[in-house]
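Everything below belongs to target34.cif, which stores mmCIF, C-alpha atoms.
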data_work
#
loop_
_atom_site.label_atom_id
_atom_site.label_comp_id
_atom_site.auth_asym_id
_atom_site.auth_seq_id
_atom_site.Cartn_x
_atom_site.Cartn_y
_atom_site.Cartn_z
CA MET A 13 9.29 -10.08 -62.36
CA THR A 14 11.48 -7.54 -64.11
CA THR A 15 10.82 -3.86 -63.59
CA THR A 16 11.96 -0.99 -65.76
CA PRO A 17 14.37 1.36 -63.98
CA ARG A 18 12.97 4.76 -63.13
CA TRP A 19 15.67 6.74 -64.93
CA LEU A 20 16.42 10.27 -63.81
CA THR A 21 14.95 13.12 -65.78
CA PRO A 22 17.46 15.58 -67.27
CA GLU A 23 16.80 18.03 -64.38
CA GLU A 24 17.09 15.28 -61.76
CA ARG A 25 20.36 14.13 -63.35
CA ARG A 26 21.64 17.72 -63.32
CA ALA A 27 20.73 18.05 -59.63
CA TRP A 28 22.26 14.68 -58.75
CA LEU A 29 25.54 15.36 -60.54
CA ALA A 30 25.75 18.84 -58.99
CA TYR A 31 25.24 17.28 -55.55
CA VAL A 32 27.88 14.59 -56.13
CA GLN A 33 30.38 17.17 -57.37
CA PHE A 34 29.79 19.74 -54.62
CA SER A 35 29.68 17.16 -51.82
CA THR A 36 33.01 15.68 -52.94
CA HIS A 37 34.55 19.11 -53.42
CA LEU A 38 33.19 20.39 -50.08
CA SER A 39 34.49 17.35 -48.21
CA ASP A 40 37.94 17.85 -49.72
CA HIS A 41 37.84 21.59 -48.95
CA LEU A 42 36.87 21.05 -45.30
CA ASN A 43 39.47 18.30 -44.86
CA ARG A 44 42.22 20.56 -46.24
CA GLN A 45 41.12 23.49 -44.04
CA LEU A 46 41.03 21.41 -40.86
CA ARG A 47 44.34 19.67 -41.60
CA ARG A 48 46.02 23.01 -42.30
CA ASP A 49 44.54 24.93 -39.39
CA ALA A 50 44.05 22.28 -36.70
CA GLY A 51 45.99 19.17 -37.78
CA MET A 52 42.85 17.02 -37.90
CA THR A 53 40.51 15.54 -40.47
CA HIS A 54 36.89 16.48 -40.95
CA ALA A 55 35.97 13.00 -39.69
CA ASP A 56 37.93 13.65 -36.47
CA TYR A 57 36.28 17.05 -36.09
CA SER A 58 32.84 15.44 -36.50
CA LEU A 59 33.64 12.78 -33.91
CA LEU A 60 34.84 15.37 -31.37
CA ALA A 61 31.87 17.65 -32.15
CA HIS A 62 29.39 14.83 -31.53
CA LEU A 63 30.99 14.10 -28.17
CA SER A 64 31.02 17.78 -27.24
CA SER A 65 27.31 18.12 -27.96
CA VAL A 66 26.07 15.49 -25.49
CA GLU A 67 25.77 15.39 -21.72
CA GLU A 68 29.02 14.49 -19.97
CA HIS A 69 30.74 14.58 -23.40
CA SER A 70 30.35 10.82 -23.54
CA LEU A 71 28.66 8.27 -25.81
CA THR A 72 28.80 4.52 -26.09
CA MET A 73 30.92 3.37 -29.00
CA SER A 74 27.77 1.90 -30.62
CA ASP A 75 25.83 5.16 -30.30
CA LEU A 76 28.76 7.18 -31.64
CA ALA A 77 29.20 4.83 -34.62
CA GLU A 78 25.48 5.14 -35.40
CA ARG A 79 25.53 8.94 -35.16
CA LEU A 80 28.60 9.18 -37.40
CA LYS A 81 27.26 6.50 -39.79
CA ILE A 82 30.51 4.54 -39.70
CA THR A 83 31.37 0.96 -38.84
CA ARG A 84 32.42 0.01 -35.33
CA SER A 85 35.80 -1.03 -36.74
CA ARG A 86 36.41 2.35 -38.34
CA LEU A 87 35.27 4.10 -35.17
CA THR A 88 37.56 1.97 -33.00
CA HIS A 89 40.51 2.94 -35.21
CA ALA A 90 39.62 6.65 -35.04
CA VAL A 91 39.03 6.63 -31.28
CA THR A 92 42.31 4.78 -30.70
CA ARG A 93 44.19 7.41 -32.72
CA LEU A 94 42.44 10.28 -30.90
CA GLN A 95 43.01 8.54 -27.56
CA GLU A 96 46.75 8.26 -28.28
CA ALA A 97 46.77 12.01 -29.04
CA GLY A 98 45.00 12.72 -25.73
CA TYR A 99 41.73 14.03 -27.21
CA VAL A 100 39.42 11.13 -26.30
CA ASP A 101 39.35 8.57 -23.49
CA ARG A 102 37.66 5.19 -23.45
CA ARG A 103 35.87 4.01 -20.35
CA ASP A 104 34.13 0.75 -19.58
CA ASP A 105 30.38 0.87 -19.08
CA PRO A 106 29.75 -0.20 -15.47
CA GLY A 107 26.23 -1.29 -16.41
CA ASN A 108 27.29 -3.46 -19.35
CA ARG A 109 30.79 -4.91 -19.58
CA ARG A 110 30.46 -5.32 -23.35
CA ASN A 111 30.07 -1.56 -23.87
CA GLN A 112 32.66 1.15 -23.79
CA PHE A 113 32.18 4.89 -23.71
CA ALA A 114 34.14 7.36 -25.81
CA VAL A 115 34.71 10.47 -23.70
CA LEU A 116 35.96 13.86 -24.87
CA THR A 117 38.96 14.99 -22.81
CA GLU A 118 39.82 18.54 -21.78
CA ASP A 119 42.55 18.55 -24.47
CA GLY A 120 39.95 17.39 -27.00
CA THR A 121 37.63 20.21 -25.95
CA ARG A 122 40.44 22.75 -26.31
CA LEU A 123 41.34 21.39 -29.77
CA LEU A 124 37.71 21.63 -30.87
CA GLU A 125 37.42 25.18 -29.50
CA ARG A 126 40.56 26.20 -31.44
CA ALA A 127 39.38 24.49 -34.65
CA ALA A 128 35.73 25.61 -34.60
CA PRO A 129 36.09 29.27 -35.65
CA GLY A 130 38.13 28.44 -38.77
CA HIS A 131 35.89 25.51 -39.62
CA VAL A 132 32.72 27.57 -39.32
CA GLU A 133 34.27 30.28 -41.50
CA ALA A 134 35.21 27.66 -44.12
CA VAL A 135 31.63 26.32 -44.11
CA ARG A 136 30.20 29.83 -44.30
CA ARG A 137 32.45 30.86 -47.22
CA ALA A 138 31.98 27.63 -49.16
CA VAL A 139 28.25 27.16 -48.62
CA PHE A 140 26.20 29.87 -46.99
CA ASP A 141 27.85 32.91 -48.57
CA ALA A 142 26.95 31.41 -51.96
CA LEU A 143 23.24 31.12 -51.11
CA THR A 144 20.41 33.57 -50.67
CA PRO A 145 18.37 33.35 -47.45
CA GLU A 146 15.62 31.63 -49.45
CA GLN A 147 18.10 29.07 -50.77
CA VAL A 148 19.35 28.40 -47.22
CA THR A 149 15.76 27.61 -46.21
CA GLN A 150 15.37 25.35 -49.27
CA PHE A 151 18.75 23.69 -48.58
CA ALA A 152 17.66 22.88 -45.01
CA ALA A 153 14.29 21.54 -46.20
CA ILE A 154 15.97 19.41 -48.88
CA GLY A 155 18.46 17.97 -46.39
CA GLU A 156 15.69 17.19 -43.90
CA ALA A 157 13.55 15.52 -46.59
CA VAL A 158 16.40 13.37 -47.88
CA ASN A 159 17.44 12.40 -44.33
CA ALA A 160 13.85 11.41 -43.50
CA ALA A 161 13.65 9.32 -46.70
CA LEU A 162 16.95 7.62 -45.88
CA GLN A 163 15.74 6.78 -42.38
CA ARG A 164 12.62 5.16 -43.88
CA VAL A 165 14.68 3.24 -46.44
CA ASP A 166 17.15 2.10 -43.77
CA ALA A 167 14.30 0.99 -41.50
CA ASP A 168 12.99 -1.20 -44.35
CA ASP A 169 16.44 -2.65 -45.17
CA PRO A 170 16.84 -6.09 -43.54
CA GLU A 171 20.62 -5.93 -44.07
CA GLN A 172 20.95 -2.61 -42.21
CA ASP A 173 21.44 -4.38 -38.88
CA ALA A 174 23.88 -6.87 -40.41
CA LEU A 175 26.50 -4.21 -41.21
CA PRO A 176 29.74 -4.57 -39.20
#

Can the structure in the file be given as structure tokens, please?
Amino acid sequence: MTTTPRWLTPEERRAWLAYVQFSTHLSDHLNRQLRRDAGMTHADYSLLAHLSSVEEHSLTMSDLAERLKITRSRLTHAVTRLQEAGYVDRRDDPGNRRNQFAVLTEDGTRLLERAAPGHVEAVRRAVFDALTPEQVTQFAAIGEAVNAALQRVDADDPEQDALP
């Protein structure tokens, strides 16, 4: 059975293209700011921030990959690089020899603490200073709604668990 695509309306297309453009531009902006000010990528900052936000600054590699929405292979590469720089350690899971933990080091914590003020200012200037308080509330609601929809879609996707 063939179905007709549900094409975007002109306003939906406008919103979608604006999102694609600003998300790409914002990602580039934040990467440049973090590279310039802290010598790290936005992906590295996100990885360190996730570790800093949990108890014992430690997550299994599987949990961290899921939270970052990246493959285990990409995470392994990133953690290896950050481990070589002294910002993350890897530890075996005593309860399951197949698991490893990624653990934020003291140097990683210090790097994150040095990078955070400039990063927050870059986010504020690029995003929140451009919005009214009402738009910030709408922005949060939109993000939450889209994230909830994506979680439902992913839960219904039989190939979701097959990703590397």

**Asked** Which is closest to A:Leu123 among A:Met73, A:Ala61, A:Ala142, A:Val32, if we use only C-alpha atoms?
**Response**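 When distances to A:Leu123 are compared using only C-alpha atoms, the smallest one comes from A:Ala61.
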
Top pick for closest residue to A:Asp105, considering A:Leu63, A:Ser74, A:Thr16, A:Glu24 and counting all atoms listed in the file:
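The closest residue to A:Asp105 is A:Ser74.
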
For A:Leu59: contacts at 10 Å, all atoms listed in the file, fewer than 2 positions along chain excluded, given as a list in words =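 My list of contacting residues is Thr53, His54, Ala55, Asp56, Tyr57, Ala61, His62, Leu63, Ser64, Leu76, Ala77, Arg79, Leu80, Leu87, Ala90, Val91, Leu94, Val100, Ala114 and Leu116 of chain A.
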
Pairwise distance, atom CA of A:Arg26 with atom CA of A:Asn159, equals 20.2 Å

Of A:Arg137, A:Thr144, A:Val158, A:Asp168, the one sitting nearest A:Leu42 when using only C-alpha atoms is A:Arg137

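One finds atom CA of A:Glu23 at 24.7 Å from atom CA of A:Gln163.
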
Kindly indicate which residue among A:Ser70, A:Gln95, A:Trp19, A:Tyr31 lies nearest to A:Phe151, using all atoms listed in the file for the distances.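 For A:Phe151, the nearest of the given residues is A:Tyr31.
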
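Atom pair atom CA of A:Thr14 / atom CA of A:Val165 has a distance of 20.9 Å (rounded to one decimal).
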
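Of the residues listed (A:Glu67, A:Asp49, A:Asp40, A:Asp141), A:Asp49 shows the shortest atom-to-atom separation from A:Ala128; distances use only C-alpha atoms.
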
>> Excluding A:Ala152 and its own-chain neighbours fewer than 5 positions away, which residues fall within 12 Å of it when counting only C-alpha atoms? Please give them as a list in words.
In response: Val139, Phe140, Leu143, Pro145, Glu146, Gln147, Ala157, Val158 and Asn159 of chain A

I need the chosen residues saved as a PDB file, in the coordinates of the input, with C-alpha atoms.
ATOM      1  CA  VAL A 139      28.250  27.160 -48.620  1.00  0.00           C
ATOM      2  CA  PHE A 140      26.200  29.870 -46.990  1.00  0.00           C
ATOM      3  CA  LEU A 143      23.240  31.120 -51.110  1.00  0.00           C
ATOM      4  CA  PRO A 145      18.370  33.350 -47.450  1.00  0.00           C
ATOM      5  CA  GLU A 146      15.620  31.630 -49.450  1.00  0.00           C
ATOM      6  CA  GLN A 147      18.100  29.070 -50.770  1.00  0.00           C
ATOM      7  CA  ALA A 157      13.550  15.520 -46.590  1.00  0.00           C
ATOM      8  CA  VAL A 158      16.400  13.370 -47.880  1.00  0.00           C
ATOM      9  CA  ASN A 159      17.440  12.400 -44.330  1.00  0.00           C
TER      10      ASN A 159
END

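Ranking A:Thr121, A:Thr36, A:Thr149, A:Thr88 by their shortest atom-to-atom distance to A:Glu68, with all atoms listed in the file included, puts A:Thr121 first.
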
Generate the coordinates of N, CA, C and O atoms for stretch 148-165 of chain A; report them as an mmCIF file, in the frame of the given file.
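part26.cif, freshly written:
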data_model
loop_
_atom_site.group_PDB
_atom_site.id
_atom_site.type_symbol
_atom_site.label_atom_id
_atom_site.label_comp_id
_atom_site.auth_asym_id
_atom_site.auth_seq_id
_atom_site.Cartn_x
_atom_site.Cartn_y
_atom_site.Cartn_z
ATOM 1 N N VAL A 148 18.970 29.049 -48.478
ATOM 2 C CA VAL A 148 19.350 28.400 -47.220
ATOM 3 C C VAL A 148 18.148 27.641 -46.661
ATOM 4 O O VAL A 148 18.267 26.488 -46.232
ATOM 5 N N THR A 149 16.986 28.252 -46.682
ATOM 6 C CA THR A 149 15.760 27.610 -46.210
ATOM 7 C C THR A 149 15.458 26.369 -47.055
ATOM 8 O O THR A 149 15.123 25.304 -46.512
ATOM 9 N N GLN A 150 15.596 26.491 -48.379
ATOM 10 C CA GLN A 150 15.370 25.350 -49.270
ATOM 11 C C GLN A 150 16.400 24.247 -49.024
ATOM 12 O O GLN A 150 16.057 23.053 -48.997
ATOM 13 N N PHE A 151 17.661 24.636 -48.834
ATOM 14 C CA PHE A 151 18.750 23.690 -48.580
ATOM 15 C C PHE A 151 18.449 22.889 -47.319
ATOM 16 O O PHE A 151 18.602 21.660 -47.299
ATOM 17 N N ALA A 152 18.012 23.565 -46.257
ATOM 18 C CA ALA A 152 17.660 22.880 -45.010
ATOM 19 C C ALA A 152 16.486 21.923 -45.242
ATOM 20 O O ALA A 152 16.523 20.767 -44.789
ATOM 21 N N ALA A 153 15.463 22.384 -45.947
ATOM 22 C CA ALA A 153 14.290 21.540 -46.200
ATOM 23 C C ALA A 153 14.667 20.322 -47.046
ATOM 24 O O ALA A 153 14.190 19.208 -46.794
ATOM 25 N N ILE A 154 15.522 20.515 -48.032
ATOM 26 C CA ILE A 154 15.970 19.410 -48.880
ATOM 27 C C ILE A 154 16.748 18.395 -48.043
ATOM 28 O O ILE A 154 16.502 17.180 -48.122
ATOM 29 N N GLY A 155 17.675 18.873 -47.237
ATOM 30 C CA GLY A 155 18.460 17.970 -46.390
ATOM 31 C C GLY A 155 17.570 17.188 -45.436
ATOM 32 O O GLY A 155 17.746 15.974 -45.254
ATOM 33 N N GLU A 156 16.609 17.856 -44.819
ATOM 34 C CA GLU A 156 15.690 17.190 -43.900
ATOM 35 C C GLU A 156 14.844 16.144 -44.625
ATOM 36 O O GLU A 156 14.627 15.044 -44.105
ATOM 37 N N ALA A 157 14.369 16.471 -45.830
ATOM 38 C CA ALA A 157 13.550 15.520 -46.590
ATOM 39 C C ALA A 157 14.352 14.293 -46.995
ATOM 40 O O ALA A 157 13.871 13.153 -46.881
ATOM 41 N N VAL A 158 15.567 14.504 -47.461
ATOM 42 C CA VAL A 158 16.400 13.370 -47.880
ATOM 43 C C VAL A 158 16.776 12.524 -46.663
ATOM 44 O O VAL A 158 16.731 11.286 -46.720
ATOM 45 N N ASN A 159 17.126 13.154 -45.541
ATOM 46 C CA ASN A 159 17.440 12.400 -44.330
ATOM 47 C C ASN A 159 16.250 11.577 -43.861
ATOM 48 O O ASN A 159 16.408 10.420 -43.460
ATOM 49 N N ALA A 160 15.055 12.145 -43.909
ATOM 50 C CA ALA A 160 13.850 11.410 -43.500
ATOM 51 C C ALA A 160 13.624 10.215 -44.435
ATOM 52 O O ALA A 160 13.292 9.114 -43.979
ATOM 53 N N ALA A 161 13.814 10.419 -45.741
ATOM 54 C CA ALA A 161 13.650 9.320 -46.700
ATOM 55 C C ALA A 161 14.681 8.223 -46.437
ATOM 56 O O ALA A 161 14.354 7.031 -46.478
ATOM 57 N N LEU A 162 15.909 8.617 -46.157
ATOM 58 C CA LEU A 162 16.950 7.620 -45.880
ATOM 59 C C LEU A 162 16.646 6.832 -44.608
ATOM 60 O O LEU A 162 16.896 5.623 -44.544
ATOM 61 N N GLN A 163 16.102 7.493 -43.600
ATOM 62 C CA GLN A 163 15.740 6.780 -42.380
ATOM 63 C C GLN A 163 14.643 5.755 -42.660
ATOM 64 O O GLN A 163 14.679 4.642 -42.136
ATOM 65 N N ARG A 164 13.681 6.107 -43.519
ATOM 66 C CA ARG A 164 12.620 5.160 -43.880
ATOM 67 C C ARG A 164 13.203 3.993 -44.668
ATOM 68 O O ARG A 164 12.878 2.834 -44.406
ATOM 69 N N VAL A 165 14.067 4.288 -45.632
ATOM 70 C CA VAL A 165 14.680 3.240 -46.440
ATOM 71 C C VAL A 165 15.518 2.322 -45.559
ATOM 72 O O VAL A 165 15.449 1.095 -45.678
#
